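Visitor: Got a file for you: my_file-v7.cif, mmCIF, C-alpha atoms.
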```cif
data_model
#
loop_
_atom_site.label_atom_id
_atom_site.label_comp_id
_atom_site.auth_asym_id
_atom_site.auth_seq_id
_atom_site.Cartn_x
_atom_site.Cartn_y
_atom_site.Cartn_z
CA MET A 1 -15.54 -2.49 46.51
CA LYS A 2 -17.58 -3.28 43.39
CA ILE A 3 -16.69 0.12 41.92
CA ILE A 4 -12.98 -0.48 42.48
CA VAL A 5 -13.19 -3.89 40.81
CA ALA A 6 -15.11 -2.41 37.87
CA TYR A 7 -12.47 0.29 37.34
CA PHE A 8 -9.74 -2.34 37.59
CA LEU A 9 -11.39 -4.54 34.94
CA ALA A 10 -11.94 -1.56 32.63
CA ALA A 11 -8.30 -0.51 32.95
CA LEU A 12 -7.19 -4.08 32.25
CA MET A 13 -9.31 -4.26 29.09
CA ILE A 14 -7.86 -0.97 27.80
CA ALA A 15 -4.32 -2.16 28.48
CA ASN A 16 -4.96 -5.47 26.73
CA ASN A 17 -6.39 -3.74 23.66
CA ALA A 18 -3.40 -1.40 23.44
CA LEU A 19 -1.03 -4.35 23.71
CA ALA A 20 -2.95 -6.25 21.04
CA LEU A 21 -2.51 -3.39 18.58
CA ALA A 22 1.21 -3.02 19.28
CA THR A 23 2.66 -6.47 19.91
CA CYS A 24 -0.08 -9.05 19.46
CA THR A 25 0.62 -12.67 18.59
CA LEU A 26 0.04 -14.23 15.19
CA CYS A 27 -3.44 -13.28 14.01
CA GLU A 28 -4.33 -16.95 13.69
CA ASN A 29 -4.00 -17.24 17.47
CA LYS A 30 -6.00 -14.25 18.65
CA LYS A 31 -9.56 -13.05 18.04
CA LEU A 32 -9.84 -9.32 17.45
CA MET A 33 -12.75 -6.98 16.84
CA VAL A 34 -13.55 -6.35 13.17
CA LEU A 35 -13.39 -2.68 12.13
CA SER A 36 -16.64 -0.90 11.33
CA PRO A 37 -17.14 0.55 7.79
CA GLN A 38 -16.99 4.07 9.26
CA THR A 39 -13.68 3.39 11.03
CA ILE A 40 -12.21 1.98 7.81
CA SER A 41 -13.46 4.96 5.79
CA ASN A 42 -12.03 7.48 8.26
CA PHE A 43 -8.68 5.69 8.35
CA ILE A 44 -8.38 5.60 4.54
CA LYS A 45 -9.14 9.33 4.35
CA LYS A 46 -6.21 10.01 6.70
CA ASN A 47 -3.83 7.73 4.78
CA ALA A 48 -4.12 8.73 1.13
CA ARG A 49 -1.35 6.36 0.03
CA TRP A 50 -3.58 3.41 0.95
CA HIS A 51 -6.91 2.25 -0.46
CA LEU A 52 -9.52 -0.36 0.38
CA GLU A 53 -9.54 -3.36 -1.93
CA LYS A 54 -12.44 -5.81 -1.81
CA THR A 55 -12.16 -9.43 -2.92
CA GLU A 56 -14.79 -12.17 -3.08
CA SER A 57 -14.04 -13.23 0.51
CA ASN A 58 -12.66 -10.17 2.35
CA GLN A 59 -11.32 -6.63 2.16
CA GLN A 60 -7.76 -5.41 2.61
CA PHE A 61 -5.70 -2.26 3.05
CA VAL A 62 -3.53 -1.94 -0.07
CA CYS A 63 -0.69 0.40 -1.00
CA SER A 64 0.96 0.38 -4.44
CA GLU A 65 3.90 2.69 -5.14
CA PRO A 66 6.12 3.09 -8.23
CA CYS A 67 9.77 2.44 -7.35
CA ASN A 68 12.96 0.72 -8.44
CA PHE A 69 14.34 -2.50 -6.96
CA ILE A 70 16.70 -0.71 -4.56
CA ASP A 71 13.79 1.20 -3.01
CA ALA A 72 11.74 -2.01 -2.89
CA ALA A 73 14.57 -3.72 -1.01
CA ARG A 74 14.63 -0.93 1.59
CA ILE A 75 10.86 -1.10 2.01
CA ILE A 76 10.92 -4.89 2.44
CA ASN A 77 13.60 -4.53 5.11
CA CYS A 78 11.46 -2.03 7.03
CA ILE A 79 8.34 -4.16 6.65
CA ALA A 80 10.13 -7.29 7.89
CA THR A 81 11.06 -5.49 11.11
CA ILE A 82 7.52 -4.19 11.62
CA ALA A 83 5.95 -7.55 10.78
CA GLU A 84 8.07 -9.41 13.33
CA THR A 85 7.58 -6.74 16.01
CA GLN A 86 3.80 -6.80 15.62
CA GLN A 87 3.63 -10.48 14.62
CA HIS A 88 1.44 -9.47 11.70
CA HIS A 89 2.56 -10.30 8.15
CA PRO A 90 1.46 -8.67 4.87
CA ASP A 91 1.46 -9.87 1.28
CA ILE A 92 4.05 -8.09 -0.88
CA ILE A 93 4.35 -8.01 -4.68
CA VAL A 94 7.41 -6.46 -6.33
CA THR A 95 7.71 -5.91 -10.08
CA GLN A 96 10.17 -3.94 -12.19
CA GLU A 97 7.95 -0.87 -11.80
CA SER A 98 6.35 -0.98 -8.35
CA ILE A 99 5.82 -2.51 -4.92
CA THR A 100 2.36 -3.44 -3.63
CA ILE A 101 1.63 -4.14 0.05
CA SER A 102 -1.63 -5.78 1.17
CA ILE A 103 -2.73 -6.49 4.74
CA TYR A 104 -5.75 -7.95 6.56
CA THR A 105 -6.28 -10.14 9.63
CA HIS A 106 -6.45 -13.77 8.55
CA SER A 107 -8.17 -15.16 11.65
CA GLN A 108 -11.11 -12.78 11.13
CA ASN A 109 -10.80 -12.75 7.33
CA ALA A 110 -11.41 -9.02 7.76
CA LEU A 111 -9.79 -5.77 8.86
CA THR A 112 -9.04 -5.24 12.56
CA GLY A 113 -6.99 -2.96 14.80
CA LYS A 114 -3.92 -5.04 13.92
CA ASP A 115 -4.15 -3.78 10.36
CA ILE A 116 -4.44 -0.15 11.42
CA ALA A 117 -1.37 -0.56 13.64
CA PHE A 118 0.56 -2.18 10.78
CA VAL A 119 -0.37 0.43 8.17
CA THR A 120 0.44 3.26 10.58
CA ALA A 121 3.92 1.85 11.23
CA VAL A 122 4.61 1.19 7.53
CA GLU A 123 3.35 4.62 6.52
CA LYS A 124 5.77 6.24 8.95
CA GLU A 125 8.66 4.42 7.25
CA LEU A 126 7.45 5.15 3.70
CA LYS A 127 7.45 8.89 4.41
CA ASN A 128 11.21 8.65 5.05
CA ILE A 129 12.00 6.87 1.76
CA ALA A 130 12.31 8.91 -1.42
CA LEU A 131 10.90 6.51 -4.02
CA THR A 132 12.41 6.56 -7.51
CA PRO A 133 10.59 5.14 -10.56
CA SER A 134 12.38 2.25 -12.25
CA SER A 135 14.48 2.74 -15.38
CA LEU A 136 14.73 -0.19 -17.79
CA ASP A 137 17.49 1.31 -19.97
CA LYS A 138 20.29 -0.78 -18.43
CA LYS A 139 18.24 -3.95 -18.65
CA ILE A 140 17.46 -3.45 -22.32
CA SER A 141 21.09 -2.89 -23.35
CA LYS A 142 22.23 -5.83 -21.21
CA GLU A 143 19.61 -8.26 -22.43
CA SER A 144 20.49 -7.69 -26.09
CA VAL A 145 23.62 -9.88 -25.74
CA GLU A 146 22.03 -12.79 -23.87
CA GLN A 147 22.34 -16.29 -25.28
CA ARG A 148 19.78 -19.07 -25.10
CA CYS A 149 20.81 -21.91 -22.78
CA SER A 150 20.86 -25.44 -24.14
CA ALA A 151 18.18 -28.01 -23.32
CA GLN A 152 20.79 -30.03 -21.45
CA GLU A 153 21.83 -27.06 -19.29
CA LEU A 154 18.21 -26.34 -18.41
CA THR A 155 17.40 -29.98 -17.63
CA THR A 156 20.46 -30.28 -15.39
CA PHE A 157 19.64 -27.06 -13.55
CA LEU A 158 16.05 -28.10 -12.82
CA ALA A 159 17.18 -31.55 -11.68
CA GLU A 160 19.72 -30.06 -9.26
CA ASN A 161 17.53 -27.25 -7.90
CA GLN A 162 14.27 -28.58 -6.49
CA PHE A 163 12.80 -25.13 -5.69
CA TRP A 164 12.91 -23.99 -9.33
CA ARG A 165 10.57 -24.84 -12.18
CA LEU A 166 9.69 -23.61 -15.65
CA ALA A 167 6.86 -21.12 -16.03
CA PRO A 168 3.78 -22.51 -17.85
CA ASP A 169 4.86 -20.78 -21.08
CA SER A 170 8.46 -22.10 -20.67
CA SER A 171 9.88 -18.58 -21.03
CA ALA A 172 10.79 -17.96 -17.37
CA LEU A 173 12.20 -19.67 -14.30
CA GLN A 174 10.11 -19.58 -11.14
CA PHE A 175 11.43 -20.09 -7.62
CA SER A 176 9.06 -21.08 -4.82
CA TYR A 177 9.98 -21.67 -1.17
CA ASP A 178 7.84 -22.30 1.90
CA THR A 179 9.11 -21.34 5.35
CA PRO A 180 7.60 -19.83 8.52
CA ASN A 181 10.60 -17.48 8.91
CA PHE A 182 9.31 -14.26 7.34
CA THR A 183 12.37 -12.22 8.38
CA ASN A 184 14.99 -14.48 6.78
CA ILE A 185 13.04 -14.72 3.53
CA ALA A 186 12.61 -10.92 3.50
CA HIS A 187 16.35 -10.38 4.00
CA ALA A 188 17.15 -12.85 1.21
CA LEU A 189 14.81 -10.97 -1.13
CA GLU A 190 16.31 -7.67 -0.05
CA GLN A 191 19.79 -8.82 -1.07
CA CYS A 192 18.58 -10.23 -4.40
CA LEU A 193 16.81 -6.99 -5.28
CA GLN A 194 19.96 -4.96 -4.59
CA LEU A 195 22.11 -7.02 -6.97
CA GLU A 196 21.83 -5.60 -10.48
CA THR A 197 22.86 -8.93 -12.01
CA ILE A 198 19.82 -10.59 -10.47
CA ASN A 199 17.28 -7.77 -10.58
CA ALA A 200 17.93 -7.35 -14.32
CA GLN A 201 16.21 -10.74 -14.68
CA ILE A 202 13.42 -10.35 -12.09
CA VAL A 203 9.89 -10.07 -13.44
CA GLU A 204 7.98 -10.45 -10.20
CA VAL A 205 8.48 -11.26 -6.52
CA LEU A 206 5.69 -12.49 -4.21
CA LEU A 207 6.16 -12.59 -0.44
CA SER A 208 3.70 -13.56 2.27
CA TYR A 209 3.85 -15.25 5.64
CA GLY A 210 5.15 -18.78 5.03
CA THR A 211 5.88 -18.56 1.32
CA CYS A 212 7.89 -16.68 -1.28
CA SER A 213 8.27 -16.88 -5.06
CA VAL A 214 10.57 -15.20 -7.58
CA THR A 215 10.15 -15.15 -11.37
CA LEU A 216 13.24 -14.59 -13.57
CA ARG A 217 13.04 -13.93 -17.30
CA SER A 218 15.08 -12.27 -20.05
CA SER A 219 13.43 -9.78 -22.41
CA ASN A 220 13.91 -12.27 -25.25
CA ASN A 221 11.29 -14.58 -23.70
CA TYR A 222 13.51 -17.63 -23.45
CA ILE A 223 15.75 -19.11 -20.76
CA SER A 224 19.18 -17.60 -21.31
CA THR A 225 22.51 -18.71 -19.86
CA ASP A 226 22.48 -15.49 -17.85
CA THR A 227 19.04 -16.32 -16.42
CA LEU A 228 20.39 -19.67 -15.25
CA ALA A 229 23.42 -18.00 -13.67
CA GLN A 230 21.27 -15.49 -11.77
CA ALA A 231 18.87 -18.22 -10.64
CA GLN A 232 21.84 -20.08 -9.16
CA GLU A 233 23.04 -16.93 -7.39
CA CYS A 234 19.52 -16.26 -6.11
CA GLN A 235 19.39 -19.83 -4.78
CA ARG A 236 22.75 -19.35 -3.04
CA ILE A 237 21.48 -16.23 -1.27
CA PHE A 238 18.28 -17.92 -0.12
CA ASP A 239 20.18 -21.00 1.08
CA HIS A 240 22.44 -18.77 3.17
CA PHE A 241 19.60 -16.93 4.94
CA ILE A 242 17.31 -19.94 5.31
CA ALA A 243 20.11 -21.96 6.93
CA GLN A 244 20.50 -19.33 9.68
#
```
What does the file become when written as structure tokens?
Guide:
Amino acid sequence: MKIIVAYFLAALMIANNALALATCTLCENKKLMVLSPQTISNFIKKNARWHLEKTESNQQFVCSEPCNFIDAARIINCIATIAETQQHHPDIIVTQESITISIYTHSQNALTGKDIAFVTAVEKELKNIALTPSSLDKKISKESVEQRCSAQELTTFLAENQFWRLAPDSSALQFSYDTPNFTNIAHALEQCLQLETINAQIVEVLLSYGTCSVTLRSSNNYISTDTLAQAQECQRIFDHFIAQ
């Protein structure tokens, strides 16, 4: 009888571990085993696109790939689906030249099986996307005709749009929004990145679980009337998805 119970408990533990890797709850709500240095090293060797990045407080799996905004939008869409399925959310940075994905388990402040499951799923999607380096030719020709917005226009915009502020150097507009709905924010970003009118102004996008920020700037390093127009369109897109 004891042997049967022991086998039953062992089978249950294996099943629970498999479930934790595939569909576990938010990492803040579940304690998972931290990966050993050897396991991390072996995993990195098998996934050359990813590397181990160490910070002062933890270490993360990181992937940085050159691509244009259209490719970045497709990747964000795939990641949003994976993140919600696994209930495990990465940090994403998008610039005019690349997309960077970082992942670790917040509850452990370390790498766990959740991170291996996430990277494996993302890597499978990345292999199916032909990434194209960004070209800034269209942006350069477009930005040459931009006009500086007036102080009154800028003041009115900032007063009417609470999620926008001026960058510290006053040469860019920065959008920041906090929400627990990772999927809706990801879809809003996806649509913004696919619109040439908006992505011509984007300098950087930051996305993580619970927060998102977008920085818009013209190449002339001042707030143009076009930058204001694209900030308003970006706000409209976010309002639509966040209201869902």
Visitor: Excluding A:Glu204 and any residue of its chain fewer than 4 positions from it, enumerate the residues within 7 Å of it, using all atoms listed in the file, and give them as a PyMOL selection string.
Guide: chain A and resi 94-95+214-215
Visitor: Any chance you could work out the residue set of the PyMOL selection byres ((chain A and resi 147-156) around 10) here, as a list in words?
Guide: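 This file gives the following for the PyMOL selection byres ((chain A and resi 147-156) around 10): Glu143, Ser144, Val145, Glu146, Phe157, Leu158, Ala159, Glu160, Asn161, Arg165, Leu166, Leu173, Ser218, Asn220, Asn221, Tyr222, Ile223, Ser224, Thr225, Asp226, Thr227 and Leu228 of chain A.
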Visitor: For the atom pair atom CA of A:Ala110 and atom CA of A:Ala83, what is the interatomic distance in Å to one decimal place?
Guide: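 About the pair atom CA of A:Ala110 and atom CA of A:Ala83: they are 17.7 Å apart.
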Visitor: Taking the file as shown, find all residues satisfying the PyMOL selection byres ((chain A and resi 192) around 10) and write them as a ChimeraX atom specification.
Guide: /A:69-70,73,186-191,193-199,202,214,230,233-235,237-238
Visitor: Convert the current residue selection to file output with C-alpha atoms, as a PDB file, in the coordinates of the input.
Guide:
```
ATOM      1  CA  PHE A  69      14.340  -2.500  -6.960  1.00  0.00           C
ATOM      2  CA  ILE A  70      16.700  -0.710  -4.560  1.00  0.00           C
ATOM      3  CA  ALA A  73      14.570  -3.720  -1.010  1.00  0.00           C
ATOM      4  CA  ALA A 186      12.610 -10.920   3.500  1.00  0.00           C
ATOM      5  CA  HIS A 187      16.350 -10.380   4.000  1.00  0.00           C
ATOM      6  CA  ALA A 188      17.150 -12.850   1.210  1.00  0.00           C
ATOM      7  CA  LEU A 189      14.810 -10.970  -1.130  1.00  0.00           C
ATOM      8  CA  GLU A 190      16.310  -7.670  -0.050  1.00  0.00           C
ATOM      9  CA  GLN A 191      19.790  -8.820  -1.070  1.00  0.00           C
ATOM     10  CA  LEU A 193      16.810  -6.990  -5.280  1.00  0.00           C
ATOM     11  CA  GLN A 194      19.960  -4.960  -4.590  1.00  0.00           C
ATOM     12  CA  LEU A 195      22.110  -7.020  -6.970  1.00  0.00           C
ATOM     13  CA  GLU A 196      21.830  -5.600 -10.480  1.00  0.00           C
ATOM     14  CA  THR A 197      22.860  -8.930 -12.010  1.00  0.00           C
ATOM     15  CA  ILE A 198      19.820 -10.590 -10.470  1.00  0.00           C
ATOM     16  CA  ASN A 199      17.280  -7.770 -10.580  1.00  0.00           C
ATOM     17  CA  ILE A 202      13.420 -10.350 -12.090  1.00  0.00           C
ATOM     18  CA  VAL A 214      10.570 -15.200  -7.580  1.00  0.00           C
ATOM     19  CA  GLN A 230      21.270 -15.490 -11.770  1.00  0.00           C
ATOM     20  CA  GLU A 233      23.040 -16.930  -7.390  1.00  0.00           C
ATOM     21  CA  CYS A 234      19.520 -16.260  -6.110  1.00  0.00           C
ATOM     22  CA  GLN A 235      19.390 -19.830  -4.780  1.00  0.00           C
ATOM     23  CA  ILE A 237      21.480 -16.230  -1.270  1.00  0.00           C
ATOM     24  CA  PHE A 238      18.280 -17.920  -0.120  1.00  0.00           C
TER      25      PHE A 238
END
```
Visitor: To one decimal place in Å, what is the distance between atom CA of A:His89 and atom CA of A:Ile76?
Guide: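 The value is 11.5 Å.
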Visitor: Atom CA of A:Asp91 and atom CA of A:Asn184, how far apart in Å?
Guide: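 Atom CA of A:Asn184 sits 15.3 Å away from atom CA of A:Asp91.
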Visitor: Which one is closest to A:Thr85: A:Gln38, A:Ser102, A:Ser219, A:Thr183? Count all atoms listed in the file.
Guide: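 Between A:Gln38, A:Ser102, A:Ser219, A:Thr183, the residue approaching A:Thr85 most closely is A:Thr183.
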Visitor: Taking into account all atoms listed in the file, which residue in the set A:Pro90, A:Pro180, A:Pro37, A:Pro66 is nearest to A:Asp115?
Guide: A:Pro90
Visitor: Using all atoms listed in the file, which protein or nucleic acid residues come within 10 Å of A:Ser64? Drop anything in the same chain fewer than 6 positions from it, and give the result as JSON, numbers by chain.
Guide: {"A": [49, 50, 51, 92, 93, 94, 98, 99, 100, 101, 102]}
Visitor: Got time to write the residues from that selection, C-alpha atoms, as a compact mmCIF listing (two decimals), in the frame of the given file?
Guide:
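Output file again27.txt is given in full below:
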```
# COMPACT_ATOMS: atom_id res chain seq x y z
CA ARG A 49 -1.35 6.36 0.03
CA TRP A 50 -3.58 3.41 0.95
CA HIS A 51 -6.91 2.25 -0.46
CA ILE A 92 4.05 -8.09 -0.88
CA ILE A 93 4.35 -8.01 -4.68
CA VAL A 94 7.41 -6.46 -6.33
CA SER A 98 6.35 -0.98 -8.35
CA ILE A 99 5.82 -2.51 -4.92
CA THR A 100 2.36 -3.44 -3.63
CA ILE A 101 1.63 -4.14 0.05
CA SER A 102 -1.63 -5.78 1.17
```
Visitor: Kindly indicate which residue among A:Asn58, A:Asn47, A:Ser170, A:Asn42 lies nearest to A:Gln108, using all atoms listed in the file for the distances.
Guide: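 Looking at the shortest contact to A:Gln108, the residue is A:Asn58.
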Visitor: Between A:Phe163, A:Thr179, A:Asp169, A:Glu97, which residue has the minimum interatomic distance to A:Arg236, considering all atoms listed in the file?
Guide: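 Answer, going by the shortest atom-to-atom distance: A:Phe163.
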Visitor: Just want the 9 Å neighbourhood of stretch 121-131 of chain A, counted on all atoms listed in the file, with same-chain residues fewer than 2 positions away dropped. Output as a PyMOL selection string.
Guide: chain A and resi 47+49-50+65-68+71-72+74-75+78-79+82+116-119+133
Visitor: A:Ile40, A:Thr112, A:Ser107, A:Leu207: which is nearest A:Leu52, counting only C-alpha atoms?
Guide: A:Ile40
Visitor: For a quick check of understanding, using all atoms listed in the file, which of A:Phe182, A:Tyr104, A:Phe61, A:Phe175 has the smallest distance to A:Ser41?
Guide: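 Residue with the minimum atom-to-atom distance to A:Ser41: A:Phe61.
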Visitor: How big is the axis-aligned box, and where does its centre sit, when it encloses all atoms of stretch 94-111 of chain A listed in the file and has 8 Å added on every side, reported in Å to one decimal as JSON?
Guide:
```
{"center_x": -0.6, "center_y": -8.0, "center_z": -0.3, "size_x": 37.6, "size_y": 30.3, "size_z": 39.8}
```
